[in-house]
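> Hey, dropping coords.txt in here, compact mmCIF, C-alpha atoms:
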```txt
# COMPACT_ATOMS: atom_id res chain seq x y z
CA MET A 1 -14.58 37.22 -9.07
CA ASP A 2 -13.04 34.69 -11.44
CA LYS A 3 -13.10 31.18 -9.90
CA THR A 4 -9.48 30.62 -11.00
CA ILE A 5 -8.41 33.64 -8.99
CA VAL A 6 -10.29 32.39 -5.92
CA ASP A 7 -8.51 29.03 -6.23
CA LEU A 8 -5.18 30.80 -6.59
CA ILE A 9 -5.79 32.90 -3.48
CA VAL A 10 -6.84 29.83 -1.47
CA LYS A 11 -3.70 27.99 -2.64
CA LYS A 12 -1.42 30.90 -1.75
CA VAL A 13 -2.98 31.34 1.70
CA LEU A 14 -2.61 27.63 2.42
CA GLU A 15 1.01 27.65 1.23
CA GLN A 16 1.72 30.64 3.43
CA LEU A 17 0.15 28.98 6.46
CA GLN A 18 2.13 25.83 5.82
CA ALA A 19 5.33 27.84 5.39
CA GLU A 20 4.79 29.27 8.85
CA ASP A 21 4.29 25.83 10.33
CA ARG A 22 7.77 24.74 11.29
CA ARG A 23 6.58 21.64 13.16
CA ILE A 24 7.76 18.17 12.22
CA LEU A 25 5.92 15.06 13.36
CA VAL A 26 8.22 12.86 15.47
CA GLU A 27 7.77 9.10 15.34
CA ALA A 28 9.51 6.43 17.44
CA SER A 29 10.68 3.41 15.42
CA GLY A 30 10.63 0.11 17.24
CA ARG A 31 13.08 -2.65 16.39
CA HIS A 32 12.47 -3.93 12.86
CA VAL A 33 13.96 -5.80 9.94
CA HIS A 34 14.17 -5.07 6.22
CA LEU A 35 14.68 -8.28 4.25
CA SER A 36 16.52 -8.73 0.97
CA LYS A 37 14.54 -10.58 -1.72
CA GLU A 38 16.89 -13.57 -1.30
CA ASP A 39 16.35 -13.76 2.47
CA ALA A 40 12.58 -13.25 2.13
CA ILE A 41 12.43 -16.15 -0.31
CA LYS A 42 14.56 -18.35 1.98
CA LEU A 43 12.37 -17.59 4.99
CA PHE A 44 8.88 -17.16 3.57
CA GLY A 45 9.14 -18.68 0.07
CA THR A 46 8.36 -15.35 -1.61
CA ASP A 47 9.74 -11.85 -2.00
CA GLU A 48 6.21 -10.46 -2.09
CA LEU A 49 5.64 -9.84 1.60
CA THR A 50 2.08 -9.32 2.87
CA PRO A 51 1.18 -5.71 3.76
CA VAL A 52 -0.99 -5.28 6.87
CA LYS A 53 -0.48 -1.57 7.57
CA GLU A 54 0.82 1.43 5.63
CA LEU A 55 3.62 3.40 7.26
CA SER A 56 4.09 7.16 7.23
CA GLN A 57 6.57 6.90 4.34
CA PRO A 58 4.60 6.31 1.10
CA GLY A 59 4.99 2.76 -0.26
CA GLN A 60 6.48 1.40 2.98
CA PHE A 61 4.40 -1.10 4.93
CA LEU A 62 4.34 -3.31 7.99
CA CYS A 63 4.25 -6.97 6.95
CA LYS A 64 2.12 -9.78 8.23
CA GLU A 65 5.33 -11.83 8.37
CA LYS A 66 7.27 -11.64 11.65
CA VAL A 67 10.79 -12.88 12.42
CA ARG A 68 12.90 -13.87 15.39
CA VAL A 69 16.23 -12.03 15.63
CA ILE A 70 18.95 -14.02 17.37
CA GLY A 71 22.21 -12.66 18.80
CA PRO A 72 24.97 -14.20 20.92
CA LYS A 73 23.32 -13.29 24.24
CA GLY A 74 19.60 -13.18 23.53
CA ASP A 75 16.84 -13.04 20.97
CA PHE A 76 13.68 -11.12 20.14
CA LYS A 77 10.58 -12.91 18.94
CA ASP A 78 7.86 -11.41 16.71
CA VAL A 79 10.06 -8.65 15.34
CA ALA A 80 8.35 -6.44 12.74
CA VAL A 81 9.32 -6.86 9.10
CA LEU A 82 8.93 -3.74 6.95
CA GLY A 83 8.31 -4.05 3.24
CA PRO A 84 8.92 -3.93 0.38
CA CYS A 85 12.15 -5.96 0.14
CA ARG A 86 15.45 -4.11 -0.14
CA GLY A 87 18.78 -4.89 -1.75
CA LYS A 88 20.33 -6.07 1.51
CA THR A 89 18.87 -7.34 4.78
CA GLN A 90 19.11 -4.72 7.55
CA VAL A 91 18.20 -5.03 11.23
CA GLU A 92 17.47 -1.81 13.16
CA LEU A 93 17.70 -1.91 16.96
CA SER A 94 17.88 0.50 19.87
CA MET A 95 21.03 0.47 22.03
CA THR A 96 18.96 -1.25 24.75
CA ASP A 97 18.04 -3.97 22.22
CA ALA A 98 21.65 -4.34 21.01
CA ARG A 99 22.82 -4.90 24.59
CA ALA A 100 20.09 -7.53 25.15
CA LEU A 101 21.10 -9.38 21.96
CA GLY A 102 24.79 -9.11 22.85
CA VAL A 103 25.89 -7.19 19.75
CA ALA A 104 27.72 -3.86 19.45
CA ALA A 105 25.46 -0.80 19.21
CA ILE A 106 26.81 1.09 16.21
CA VAL A 107 25.00 4.24 15.14
CA ARG A 108 24.76 4.40 11.35
CA ASP A 109 22.65 5.89 8.59
CA SER A 110 20.29 3.37 6.99
CA GLY A 111 22.06 1.40 4.25
CA ASP A 112 25.54 1.99 5.72
CA THR A 113 26.07 -1.37 7.45
CA ALA A 114 29.70 -2.17 6.54
CA GLY A 115 31.50 -3.64 9.55
CA CYS A 116 28.33 -3.77 11.65
CA PRO A 117 27.33 -6.84 13.69
CA SER A 118 25.81 -9.99 12.24
CA VAL A 119 22.72 -11.72 13.65
CA TRP A 120 20.61 -14.72 12.71
CA ILE A 121 17.03 -14.32 11.53
CA GLN A 122 14.41 -17.04 11.91
CA GLY A 123 11.08 -16.92 10.11
CA GLY A 124 8.64 -19.30 8.52
CA ASN A 125 10.41 -22.64 8.97
CA SER A 126 13.89 -21.38 8.08
CA MET A 127 16.80 -19.42 9.42
CA VAL A 128 19.29 -17.18 7.63
CA GLU A 129 22.45 -15.45 8.73
CA ALA A 130 22.37 -11.68 8.21
CA PRO A 131 26.04 -10.68 8.05
CA SER A 132 26.97 -7.05 8.81
CA SER A 133 23.30 -6.23 9.04
CA THR A 134 22.64 -4.68 12.41
CA ILE A 135 22.65 -0.95 13.17
CA VAL A 136 21.26 1.60 15.56
CA ALA A 137 19.72 3.90 12.95
CA SER A 138 20.83 7.53 13.08
CA ARG A 139 18.04 9.91 13.95
CA HIS A 140 16.78 11.44 10.70
CA ILE A 141 14.06 13.48 9.05
CA HIS A 142 12.32 12.40 5.85
CA MET A 143 11.10 15.29 3.70
CA THR A 144 10.19 16.27 0.16
CA PRO A 145 12.20 18.81 -1.87
CA GLU A 146 9.40 21.30 -1.12
CA ASP A 147 9.84 20.75 2.63
CA ALA A 148 13.62 21.10 2.24
CA SER A 149 13.17 24.43 0.51
CA ARG A 150 10.75 25.58 3.22
CA PHE A 151 13.21 24.61 6.00
CA SER A 152 16.24 25.88 4.03
CA VAL A 153 18.06 22.55 4.24
CA LYS A 154 19.29 19.99 1.71
CA ASP A 155 19.76 16.23 1.55
CA GLY A 156 22.61 15.09 3.81
CA ASP A 157 22.52 18.18 6.07
CA LYS A 158 22.63 17.71 9.82
CA VAL A 159 20.32 19.87 11.92
CA SER A 160 19.36 20.33 15.57
CA VAL A 161 15.75 19.62 16.54
CA ARG A 162 14.02 20.51 19.79
CA VAL A 163 11.38 17.93 20.71
CA HIS A 164 8.75 18.66 23.34
CA GLY A 165 7.91 15.62 25.44
CA SER A 166 7.41 15.14 29.16
CA ARG A 167 11.10 16.13 29.37
CA LYS A 168 12.54 18.40 26.75
CA LEU A 169 15.72 18.00 24.75
CA VAL A 170 17.45 19.01 21.55
CA PHE A 171 18.63 16.24 19.25
CA GLU A 172 21.76 17.36 17.41
CA ASP A 173 23.24 15.91 14.21
CA VAL A 174 19.82 14.93 12.85
CA LEU A 175 20.27 13.78 9.24
CA ILE A 176 18.09 15.36 6.54
CA ARG A 177 16.90 12.90 3.88
CA VAL A 178 15.17 14.47 0.89
CA ASN A 179 13.17 12.52 -1.67
CA PRO A 180 10.01 13.43 -3.63
CA ARG A 181 8.47 10.16 -2.39
CA TYR A 182 8.99 10.95 1.31
CA ALA A 183 6.46 12.36 3.77
CA LEU A 184 7.62 14.84 6.39
CA SER A 185 8.49 13.03 9.61
CA MET A 186 11.36 12.62 12.03
CA HIS A 187 12.37 9.13 13.12
CA ILE A 188 14.03 8.35 16.44
CA ASP A 189 14.41 5.07 18.30
CA TYR A 190 12.76 4.06 21.57
CA ASP A 191 15.74 5.03 23.75
CA GLU A 192 15.57 8.49 22.24
CA ALA A 193 11.77 8.58 22.53
CA ASN A 194 12.03 7.66 26.23
CA ALA A 195 14.79 10.21 26.82
CA VAL A 196 12.42 12.96 25.66
CA GLY A 197 9.28 11.39 27.16
CA LEU A 198 7.66 11.29 23.71
CA ASN A 199 3.88 11.40 23.55
CA LYS A 200 1.72 10.50 20.59
CA GLU A 201 1.52 13.31 18.07
CA ALA A 202 4.72 14.89 19.37
CA TYR A 203 6.32 17.56 17.22
CA GLY A 204 9.85 18.79 16.79
CA GLU A 205 11.17 22.12 15.57
CA ILE A 206 14.38 22.63 13.61
CA LEU A 207 16.55 25.20 15.42
CA MET B 208 60.35 34.62 47.66
CA ASP B 209 58.18 34.01 50.73
CA LYS B 210 56.84 30.43 50.75
CA THR B 211 53.37 31.73 51.71
CA ILE B 212 53.29 33.81 48.58
CA VAL B 213 54.31 30.83 46.44
CA ASP B 214 51.47 28.80 47.96
CA LEU B 215 49.05 31.65 47.32
CA ILE B 216 50.12 31.88 43.67
CA VAL B 217 49.78 28.11 43.18
CA LYS B 218 46.30 28.20 44.75
CA LYS B 219 45.19 31.12 42.57
CA VAL B 220 46.48 29.47 39.38
CA LEU B 221 44.71 26.20 40.22
CA GLU B 222 41.47 28.06 41.00
CA GLN B 223 41.74 29.91 37.70
CA LEU B 224 42.32 26.67 35.75
CA GLN B 225 39.38 25.03 37.48
CA ALA B 226 37.19 28.05 36.74
CA GLU B 227 37.97 27.61 33.06
CA ASP B 228 37.01 23.95 33.15
CA ARG B 229 33.31 23.95 32.42
CA ARG B 230 33.06 20.18 32.05
CA ILE B 231 30.71 18.14 34.21
CA LEU B 232 31.09 14.38 34.59
CA VAL B 233 27.93 12.60 33.33
CA GLU B 234 26.88 9.35 35.01
CA ALA B 235 24.07 6.98 34.02
CA SER B 236 21.99 5.75 36.96
CA GLY B 237 20.60 2.25 36.64
CA ARG B 238 17.34 1.27 38.30
CA HIS B 239 17.71 1.39 42.09
CA VAL B 240 15.84 1.59 45.37
CA HIS B 241 16.24 3.79 48.44
CA LEU B 242 14.67 2.10 51.48
CA SER B 243 13.08 3.75 54.49
CA LYS B 244 14.39 2.53 57.86
CA GLU B 245 11.04 0.80 58.46
CA ASP B 246 11.15 -1.08 55.15
CA ALA B 247 14.84 -1.99 55.59
CA ILE B 248 14.03 -3.47 59.00
CA LYS B 249 11.03 -5.39 57.61
CA LEU B 250 13.10 -6.83 54.73
CA PHE B 251 16.58 -7.24 56.17
CA GLY B 252 16.04 -7.02 59.93
CA THR B 253 18.18 -3.87 60.21
CA ASP B 254 18.30 -0.27 59.05
CA GLU B 255 22.09 -0.44 58.90
CA LEU B 256 22.56 -1.65 55.33
CA THR B 257 25.94 -3.10 54.28
CA PRO B 258 28.09 -0.81 52.08
CA VAL B 259 29.98 -2.54 49.28
CA LYS B 260 30.94 0.45 47.11
CA GLU B 261 31.06 4.22 47.56
CA LEU B 262 29.13 6.28 45.02
CA SER B 263 30.18 9.59 43.50
CA GLN B 264 28.03 11.50 46.01
CA PRO B 265 29.87 11.54 49.38
CA GLY B 266 28.21 9.33 52.04
CA GLN B 267 26.09 7.45 49.48
CA PHE B 268 26.85 3.79 48.90
CA LEU B 269 25.78 0.70 46.99
CA CYS B 270 24.52 -1.94 49.43
CA LYS B 271 25.29 -5.63 49.58
CA GLU B 272 21.52 -6.13 49.98
CA LYS B 273 19.54 -6.53 46.73
CA VAL B 274 15.78 -6.51 46.21
CA ARG B 275 13.22 -7.69 43.71
CA VAL B 276 10.87 -4.98 42.48
CA ILE B 277 7.44 -6.26 41.43
CA GLY B 278 4.87 -4.45 39.31
CA PRO B 279 1.56 -5.50 37.73
CA LYS B 280 3.16 -6.75 34.49
CA GLY B 281 6.67 -7.79 35.42
CA ASP B 282 9.47 -7.73 37.94
CA PHE B 283 13.18 -7.02 38.22
CA LYS B 284 15.43 -9.23 40.31
CA ASP B 285 18.68 -8.16 41.98
CA VAL B 286 17.86 -4.46 41.94
CA ALA B 287 20.51 -2.25 43.56
CA VAL B 288 19.74 -0.75 46.96
CA LEU B 289 21.49 2.55 47.71
CA GLY B 290 22.23 3.54 51.30
CA PRO B 291 21.96 5.02 53.78
CA CYS B 292 18.22 4.68 54.53
CA ARG B 293 15.95 7.62 53.75
CA GLY B 294 12.71 8.94 55.24
CA LYS B 295 10.58 7.21 52.59
CA THR B 296 11.15 4.28 50.25
CA GLN B 297 11.73 5.45 46.65
CA VAL B 298 12.14 3.37 43.49
CA GLU B 299 13.91 4.97 40.52
CA LEU B 300 13.36 3.45 37.08
CA SER B 301 13.88 4.35 33.44
CA MET B 302 10.80 4.66 31.20
CA THR B 303 11.80 1.36 29.59
CA ASP B 304 11.79 -0.24 33.07
CA ALA B 305 8.44 1.34 34.00
CA ARG B 306 6.86 -0.12 30.86
CA ALA B 307 8.29 -3.57 31.64
CA LEU B 308 6.90 -3.43 35.20
CA GLY B 309 3.55 -2.14 33.99
CA VAL B 310 3.54 1.13 35.92
CA ALA B 311 3.20 4.72 34.71
CA ALA B 312 6.48 6.47 33.90
CA ILE B 313 6.22 9.76 35.78
CA VAL B 314 9.21 12.11 35.61
CA ARG B 315 9.80 13.67 39.04
CA ASP B 316 12.54 15.19 41.15
CA SER B 317 13.86 12.85 43.81
CA GLY B 318 11.69 13.01 46.96
CA ASP B 319 8.60 14.24 45.07
CA THR B 320 6.67 10.98 44.79
CA ALA B 321 3.11 12.09 45.63
CA GLY B 322 0.63 10.38 43.31
CA CYS B 323 3.30 8.18 41.72
CA PRO B 324 2.86 4.42 41.18
CA SER B 325 3.15 1.80 43.91
CA VAL B 326 5.19 -1.40 43.58
CA TRP B 327 6.04 -4.33 45.81
CA ILE B 328 9.57 -4.92 47.04
CA GLN B 329 10.85 -8.35 48.03
CA GLY B 330 14.13 -8.82 49.91
CA GLY B 331 15.56 -11.11 52.57
CA ASN B 332 12.59 -13.35 53.29
CA SER B 333 9.96 -10.62 53.30
CA MET B 334 7.94 -8.41 51.02
CA VAL B 335 6.68 -4.84 51.54
CA GLU B 336 4.38 -2.62 49.57
CA ALA B 337 5.96 0.66 48.56
CA PRO B 338 3.00 2.99 47.98
CA SER B 339 3.51 6.05 45.75
CA SER B 340 7.19 5.23 45.53
CA THR B 341 8.11 4.91 41.90
CA ILE B 342 9.49 7.69 39.72
CA VAL B 343 11.56 8.30 36.62
CA ALA B 344 14.09 10.66 38.22
CA SER B 345 14.49 14.05 36.54
CA ARG B 346 17.91 14.59 35.03
CA HIS B 347 19.92 16.67 37.50
CA ILE B 348 23.36 17.98 38.43
CA HIS B 349 24.81 17.69 41.93
CA MET B 350 27.21 20.47 42.83
CA THR B 351 28.74 22.35 45.75
CA PRO B 352 28.05 26.06 46.41
CA GLU B 353 31.53 26.75 44.96
CA ASP B 354 30.60 24.94 41.72
CA ALA B 355 27.30 26.85 41.63
CA SER B 356 29.14 30.14 41.90
CA ARG B 357 31.59 29.05 39.17
CA PHE B 358 28.73 28.08 36.82
CA SER B 359 26.61 31.13 37.84
CA VAL B 360 23.62 28.97 38.82
CA LYS B 361 21.70 28.36 42.04
CA ASP B 362 19.83 25.49 43.66
CA GLY B 363 16.58 24.76 41.81
CA ASP B 364 17.69 26.37 38.53
CA LYS B 365 17.09 24.49 35.28
CA VAL B 366 19.87 24.54 32.70
CA SER B 367 20.63 23.08 29.26
CA VAL B 368 23.58 20.71 29.00
CA ARG B 369 25.22 19.45 25.81
CA VAL B 370 26.57 15.93 26.24
CA HIS B 371 29.04 14.45 23.78
CA GLY B 372 28.45 10.74 23.16
CA SER B 373 28.39 8.67 20.00
CA ARG B 374 25.36 10.82 19.08
CA LYS B 375 25.16 14.33 20.44
CA LEU B 376 22.26 16.05 22.16
CA VAL B 377 21.34 18.84 24.52
CA PHE B 378 19.37 17.92 27.62
CA GLU B 379 17.10 20.82 28.58
CA ASP B 380 15.44 21.47 31.95
CA VAL B 381 18.32 19.89 33.88
CA LEU B 382 17.77 20.55 37.59
CA ILE B 383 20.61 22.10 39.60
CA ARG B 384 20.95 20.66 43.13
CA VAL B 385 23.39 22.50 45.38
CA ASN B 386 24.70 21.14 48.68
CA PRO B 387 28.10 21.45 50.37
CA ARG B 388 28.13 17.64 50.70
CA TYR B 389 27.66 17.02 46.96
CA ALA B 390 30.32 16.21 44.37
CA LEU B 391 30.02 17.66 40.87
CA SER B 392 28.23 15.20 38.60
CA MET B 393 25.23 15.01 36.29
CA HIS B 394 22.86 12.08 36.61
CA ILE B 395 20.76 10.73 33.75
CA ASP B 396 18.99 7.41 33.34
CA TYR B 397 19.83 4.62 30.91
CA ASP B 398 17.28 5.70 28.29
CA GLU B 399 18.91 9.12 28.27
CA ALA B 400 22.41 7.59 28.30
CA ASN B 401 21.50 5.44 25.27
CA ALA B 402 19.91 8.39 23.48
CA VAL B 403 23.25 10.22 23.62
CA GLY B 404 25.39 7.07 23.17
CA LEU B 405 27.13 7.76 26.49
CA ASN B 406 30.66 6.46 26.91
CA LYS B 407 32.54 6.06 30.17
CA GLU B 408 34.06 9.33 31.35
CA ALA B 409 31.61 11.35 29.28
CA TYR B 410 31.35 15.04 30.01
CA GLY B 411 28.63 17.63 29.61
CA GLU B 412 28.84 21.38 29.26
CA ILE B 413 26.25 23.84 30.58
CA LEU B 414 25.11 26.10 27.71
```
So, in terms of structure tokens, how does the structure I just supplied come out?


Amino acid sequence: MDKTIVDLIVKKVLEQLQAEDRRILVEASGRHVHLSKEDAIKLFGTDELTPVKELSQPGQFLCKEKVRVIGPKGDFKDVAVLGPCRGKTQVELSMTDARALGVAAIVRDSGDTAGCPSVWIQGGNSMVEAPSSTIVASRHIHMTPEDASRFSVKDGDKVSVRVHGSRKLVFEDVLIRVNPRYALSMHIDYDEANAVGLNKEAYGEIL
Amino acid sequence: MDKTIVDLIVKKVLEQLQAEDRRILVEASGRHVHLSKEDAIKLFGTDELTPVKELSQPGQFLCKEKVRVIGPKGDFKDVAVLGPCRGKTQVELSMTDARALGVAAIVRDSGDTAGCPSVWIQGGNSMVEAPSSTIVASRHIHMTPEDASRFSVKDGDKVSVRVHGSRKLVFEDVLIRVNPRYALSMHIDYDEANAVGLNKEAYGEIL
């Protein structure tokens, strides 16, 4: 048999298998900060932050740099900074975290921080104010256009996802975010991860 | 018209309205301790704890007495004690709490503490060990036999409940607990309350 045909068959079988796999990896996001270039320069003297670990989304990385996030009632030390820098500084907390800091816990999609609480961020030997920066990130699923086609959804859709942990639940209104640079994974915060008793390598299924 | 008949009509109309109301009040339970009589006597010199506030379940009350709960990695001060005393001391935590104390977060129905973590409890001027005492309580609904009949469920059933908060979800495997002394309410922990963005006076609906 022609080698090209063998390759084609293998490809088709793999695609078919993948099409039947409706599972989505579920990851819990801890509290973290995205810094604007301006704030990174003020705090660390550079907007080229130091990658120490790649994240599941291609190009995103955990930085060597850590910050302290300060609110009216409390603060968190050694908070993770995720790189690369973004257009605007954004702080992502769980509701538990927001209560501990003493700021309102407002659920928002990433990037949509208008009217959200301000905090102060300390890092290096400096401190910056991060106005309207602080959100509880909406639960969401990153996927490629190919994934979206496979799941019959499109960017901006909201779906329901059953997650199997030590106690089962269905997250509703889960935002679909489609981008060729994304890798398939669902992001929830630690309150949500605890509510479902999330284990490592937990999977969700779109209903 | 006969007054008895008027009363009968009013009763039937009210019953019908109630039957159509499928809403269940959802309450978030904070970390708390139920003490055995023996442990209450060791800590506070009495098994007649001092009620300061009635809880939604008839006969249950928040006590004036507070305790400190101590685990291998941390402790919580001023933890609520709920009365009256029970047969065995039981500590109910969220997963977040369990992690902070340094004990395993095991989801169990109330009363089923075999093999669960031990902690130490300090109160008054004494300290007791509470072996196999510490659980993350399974989400559950208290109801009367009349409620059970109205919702077509029975004691021990597991149901799915949609709760409307600032972010919506469906809790699955919610345990039904039926007792003539209960009042209708669903109990979840603070991780679960945060996951759904629970507001005061939030309601759930059995699906």

> So which one's closest to chain B, A:His142, A:Gly124, A:Arg108, A:Ile135? Using all atoms listed in the file, please.

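So, comparing all the options, the nearest one is A:Arg108.
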
> Can you work out which residues from chain A touch chain B at a cut-off of 10 Å (counting all atoms listed in the file) and hand them back as a ChimeraX atom specification?

/A:94-96,105-107,138-139,160-162,166-174,188-197

> Which residues are close to Met127 in chain A, i.e. within 10 Å by all atoms listed in the file, leaving aside same-chain residues fewer than 6 positions away? Reply as a list in words.

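Final neighbour list, sorted by chain and number: Asp39, Lys42, Leu43, Val67, Arg68, Val69, Ile70, Trp120 and Ile121 of chain A.
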
> Between CA of Tyr203 in chain A and CA of Asp155 in chain A, what is the distance in Å, rounded to a tenth?

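For CA of Tyr203 in chain A relative to CA of Asp155 in chain A, the distance reads 20.7 Å.
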
> When you draw a straight line from CA of His347 in chain B to CA of Val259 in chain B, how long is it in Å?

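It comes out at 24.7 Å.
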
> Got a sec to check which residues sit within 10 Å of (11.6, -15.6, 6.1), counting all atoms listed in the file, and write them as a list in words?

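Selection result: Leu35, Ser36, Lys37, Glu38, Asp39, Ala40, Ile41, Lys42, Leu43, Phe44, Gly45, Thr46, Asp47, Leu49, Glu65, Lys66, Val67, Arg68, Val81, Ile121, Gln122, Gly123, Gly124, Asn125, Ser126, Met127 and Val128 of chain A.
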
> Generate the coordinates of N, CA and C atoms for range 229-249 of chain B; report them as an mmCIF file, keeping the file's coordinate frame.


```
data_model
loop_
_atom_site.group_PDB
_atom_site.id
_atom_site.type_symbol
_atom_site.label_atom_id
_atom_site.label_comp_id
_atom_site.auth_asym_id
_atom_site.auth_seq_id
_atom_site.Cartn_x
_atom_site.Cartn_y
_atom_site.Cartn_z
ATOM 1 N N ARG B 229 34.765 23.907 32.310
ATOM 2 C CA ARG B 229 33.310 23.950 32.420
ATOM 3 C C ARG B 229 32.718 22.555 32.269
ATOM 4 N N ARG B 230 33.552 21.531 32.296
ATOM 5 C CA ARG B 230 33.060 20.180 32.050
ATOM 6 C C ARG B 230 32.431 19.579 33.311
ATOM 7 N N ILE B 231 31.382 18.814 33.108
ATOM 8 C CA ILE B 231 30.710 18.140 34.210
ATOM 9 C C ILE B 231 30.657 16.648 33.870
ATOM 10 N N LEU B 232 31.140 15.824 34.784
ATOM 11 C CA LEU B 232 31.090 14.380 34.590
ATOM 12 C C LEU B 232 29.618 13.929 34.484
ATOM 13 N N VAL B 233 29.307 13.098 33.494
ATOM 14 C CA VAL B 233 27.930 12.600 33.330
ATOM 15 C C VAL B 233 27.890 11.116 33.680
ATOM 16 N N GLU B 234 27.004 10.745 34.582
ATOM 17 C CA GLU B 234 26.880 9.350 35.010
ATOM 18 C C GLU B 234 25.468 8.842 34.733
ATOM 19 N N ALA B 235 25.378 7.609 34.239
ATOM 20 C CA ALA B 235 24.070 6.980 34.020
ATOM 21 C C ALA B 235 23.676 6.204 35.270
ATOM 22 N N SER B 236 22.494 6.491 35.795
ATOM 23 C CA SER B 236 21.990 5.750 36.960
ATOM 24 C C SER B 236 21.127 4.600 36.483
ATOM 25 N N GLY B 237 21.465 3.398 36.897
ATOM 26 C CA GLY B 237 20.600 2.250 36.640
ATOM 27 C C GLY B 237 19.419 2.267 37.603
ATOM 28 N N ARG B 238 18.493 1.362 37.388
ATOM 29 C CA ARG B 238 17.340 1.270 38.300
ATOM 30 C C ARG B 238 17.848 0.971 39.714
ATOM 31 N N HIS B 239 17.267 1.613 40.702
ATOM 32 C CA HIS B 239 17.710 1.390 42.090
ATOM 33 C C HIS B 239 16.616 1.782 43.067
ATOM 34 N N VAL B 240 16.830 1.377 44.298
ATOM 35 C CA VAL B 240 15.840 1.590 45.370
ATOM 36 C C VAL B 240 16.526 2.261 46.545
ATOM 37 N N HIS B 241 15.861 3.259 47.128
ATOM 38 C CA HIS B 241 16.240 3.790 48.440
ATOM 39 C C HIS B 241 15.196 3.270 49.426
ATOM 40 N N LEU B 242 15.630 2.642 50.497
ATOM 41 C CA LEU B 242 14.670 2.100 51.480
ATOM 42 C C LEU B 242 14.519 3.038 52.666
ATOM 43 N N SER B 243 13.284 3.100 53.196
ATOM 44 C CA SER B 243 13.080 3.750 54.490
ATOM 45 C C SER B 243 13.637 2.818 55.567
ATOM 46 N N LYS B 244 13.907 3.373 56.748
ATOM 47 C CA LYS B 244 14.390 2.530 57.860
ATOM 48 C C LYS B 244 13.382 1.427 58.148
ATOM 49 N N GLU B 245 12.079 1.783 58.148
ATOM 50 C CA GLU B 245 11.040 0.800 58.460
ATOM 51 C C GLU B 245 11.077 -0.360 57.459
ATOM 52 N N ASP B 246 11.156 -0.025 56.163
ATOM 53 C CA ASP B 246 11.150 -1.080 55.150
ATOM 54 C C ASP B 246 12.449 -1.906 55.211
ATOM 55 N N ALA B 247 13.574 -1.254 55.479
ATOM 56 C CA ALA B 247 14.840 -1.990 55.590
ATOM 57 C C ALA B 247 14.758 -2.992 56.743
ATOM 58 N N ILE B 248 14.159 -2.568 57.840
ATOM 59 C CA ILE B 248 14.030 -3.470 59.000
ATOM 60 C C ILE B 248 13.091 -4.625 58.659
ATOM 61 N N LYS B 249 11.973 -4.312 57.982
ATOM 62 C CA LYS B 249 11.030 -5.390 57.610
ATOM 63 C C LYS B 249 11.691 -6.408 56.676
#
```
